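One structure below.
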Amino acid sequence: MNEKQLFDVANKAMENAYVPYSHYRVGAAILCNDGKIYSGVNVENASYGLTNCAERTAIFKAISEGAKRVLAIVIVNGTDIKSKPCGACRQVMGEFMDSDDVVFLANQKNDFKEYTFKEILPLAFSDKDMD
Ligand SMILES: O=c1ccn([C@H]2C[C@H](O)[C@@H](CO)O2)c(=O)[nH]1
Ligand SMILES: [Zn+2]
């Protein structure tokens with residue numbers, strides 16, 4: 001996997017974040033099972049609760065284009081603090097990522113820490129709970 005490419009795509013995408021309310025830019029890039037990289041940004045709304053986070057934008061784009069699994073994700077934002085995906089995004093990531101898949105949480109300088117999915121969502125609820 002080319003991490004540098006994922007970081008480049010996430011940084012570039014972040015320019016398109018639509019953030020007139022929070023001014024907090026987020027960009028995400030995911031590598032999928034089809035070998036393609038998909039990007040996403042946060043898209044806010046005057047009705048604040050309708051905002052879609054960058055991570056979910058990227059995942060929904062990928063799945064709607066035919067990807068089935070997410071193998072790695074890079075999340076960057078426009079501050080010096082490393083990204084921390086919200087609970088909703090972690091749950092959606094869990095639908096398409098396996099426990100040991102890689103999550104890079106980065107800031108605007110691309111300082112990052114690498115996690116596995118299970119580290120950022122321990123005790124995840126999944127389809128297996130309904131067997
Ligand atoms: O990991 C995160 C955290 C927050 N946001 C967005 C939602 C909203 O647009 C703004 C402030 O919450 O940041 C993301 O896109 N991803
Ligand atoms: Zn989120």
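Numbering starts fresh at 1 for the residues of each chain in the structure tokens, the chains themselves are lettered A, B, ... in the order given, and ligands are numbered from 1 as they appear.
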
Determine, using only C-alpha atoms, which residues of range 12-68 of chain A have any atom at most 10 Å from an atom of range 80-88 of chain A, and tabulate each with its shortest atom pair and distance in Å to one decimal place, rows ordered by chain and then rising number, as a Markdown table.
```
| residue | atom | partner | partner_atom | distance |
| --- | --- | --- | --- | --- |
| A:Val26 | CA | A:Ser83 | CA | 8.2 |
| A:Gly27 | CA | A:Ser83 | CA | 9.7 |
| A:Cys53 | CA | A:Cys86 | CA | 8.4 |
| A:Ala54 | CA | A:Pro85 | CA | 9.1 |
| A:Glu55 | CA | A:Pro85 | CA | 7.5 |
| A:Arg56 | CA | A:Ala88 | CA | 8.5 |
```

TODO: Might you pull out every residue within 9 Å of range 11-19 of chain A, with only C-alpha atoms counted and same-chain residues fewer than 2 positions away left off, and present them as an MDAnalysis selection string?
DONE: chainID A and resid 6:9 21:29 39:45 54 75:78 108 110

TODO: Could you find all residues in range 6-41 of chain A that DSSP calls strand (DSSP E) from the backbone, and write them as a list of chain:residue names?
DONE: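 Answer for range 6-41 of chain A restricted to strand (DSSP E) is A:Val26, A:Gly27, A:Ala28, A:Ala29, A:Ile30, A:Leu31, A:Cys32, A:Ile37, A:Tyr38, A:Ser39, A:Gly40, A:Val41.
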
- [ ] Could you jot down the CA of Val74 in chain A to CA of Asp129 in chain A separation for me, Å, one decimal place?
- [x] 27.5 Å

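Taking only range 8-112 of chain A, the residues that DSSP calls alpha helix (DSSP H) from the backbone come to Asp8, Val9, Ala10, Asn11, Lys12, Ala13, Met14, Ala54, Glu55, Arg56, Thr57, Ala58, Ile59, Phe60, Lys61, Ala62, Ile63, Ser64, Gly87, Ala88, Cys89, Arg90, Gln91, Val92, Met93, Gly94, Glu95 and Phe96 of chain A.
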
Task: Spatial neighbours of range 59-70 of chain A, max dist 10 Å, only C-alpha atoms, sep filter under 5 positions, as a list in words - done: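 My list of contacting residues is Ala28, Ala29, Ile30, Leu31, Cys32, Asn33, Asp34, Gly35, Lys36, Ile37, Tyr38, Ser39, Gly40, Ala54, Cys89, Val92, Met93, Gly94, Glu95, Phe96, Met97, Asp98, Asp101 and Val102 of chain A.
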
Go ahead and dump the residues you just picked, C-alpha atoms, as a JSON list (two decimals), in the first residue's frame.
```json
[["chain", "number", "residue", "atom", "x", "y", "z"],
["A", 28, "ALA", "CA", -10.34, 11.49, 4.06],
["A", 29, "ALA", "CA", -8.86, 9.02, 1.59],
["A", 30, "ILE", "CA", -9.55, 5.30, 1.55],
["A", 31, "LEU", "CA", -7.91, 2.41, -0.24],
["A", 32, "CYS", "CA", -10.49, -0.17, -1.25],
["A", 33, "ASN", "CA", -10.51, -3.81, -2.33],
["A", 34, "ASP", "CA", -10.89, -2.75, -5.97],
["A", 35, "GLY", "CA", -7.44, -1.17, -5.74],
["A", 36, "LYS", "CA", -8.90, 2.32, -6.06],
["A", 37, "ILE", "CA", -8.53, 5.31, -3.77],
["A", 38, "TYR", "CA", -11.63, 7.32, -2.93],
["A", 39, "SER", "CA", -11.67, 10.72, -1.24],
["A", 40, "GLY", "CA", -14.19, 12.52, 0.94],
["A", 54, "ALA", "CA", -15.38, 13.40, 5.48],
["A", 89, "CYS", "CA", -17.98, 7.40, 11.36],
["A", 92, "VAL", "CA", -19.73, 3.09, 9.51],
["A", 93, "MET", "CA", -16.03, 2.27, 9.06],
["A", 94, "GLY", "CA", -16.68, -0.96, 10.99],
["A", 95, "GLU", "CA", -19.25, -2.04, 8.44],
["A", 96, "PHE", "CA", -16.57, -2.14, 5.73],
["A", 97, "MET", "CA", -13.26, -2.63, 7.60],
["A", 98, "ASP", "CA", -11.77, -5.62, 9.39],
["A", 101, "ASP", "CA", -7.18, -2.81, 8.86],
["A", 102, "VAL", "CA", -5.18, 0.39, 9.12]]
```

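Going from atom 6 (C, counted along the ligand's line) of ligand 1 to CA of Asp127 in chain A covers 26.5 Å.
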
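A straight line drawn from CA of Leu121 in chain A to atom 4 (C, counted along the ligand's line) of ligand 1 is 16.2 Å long.
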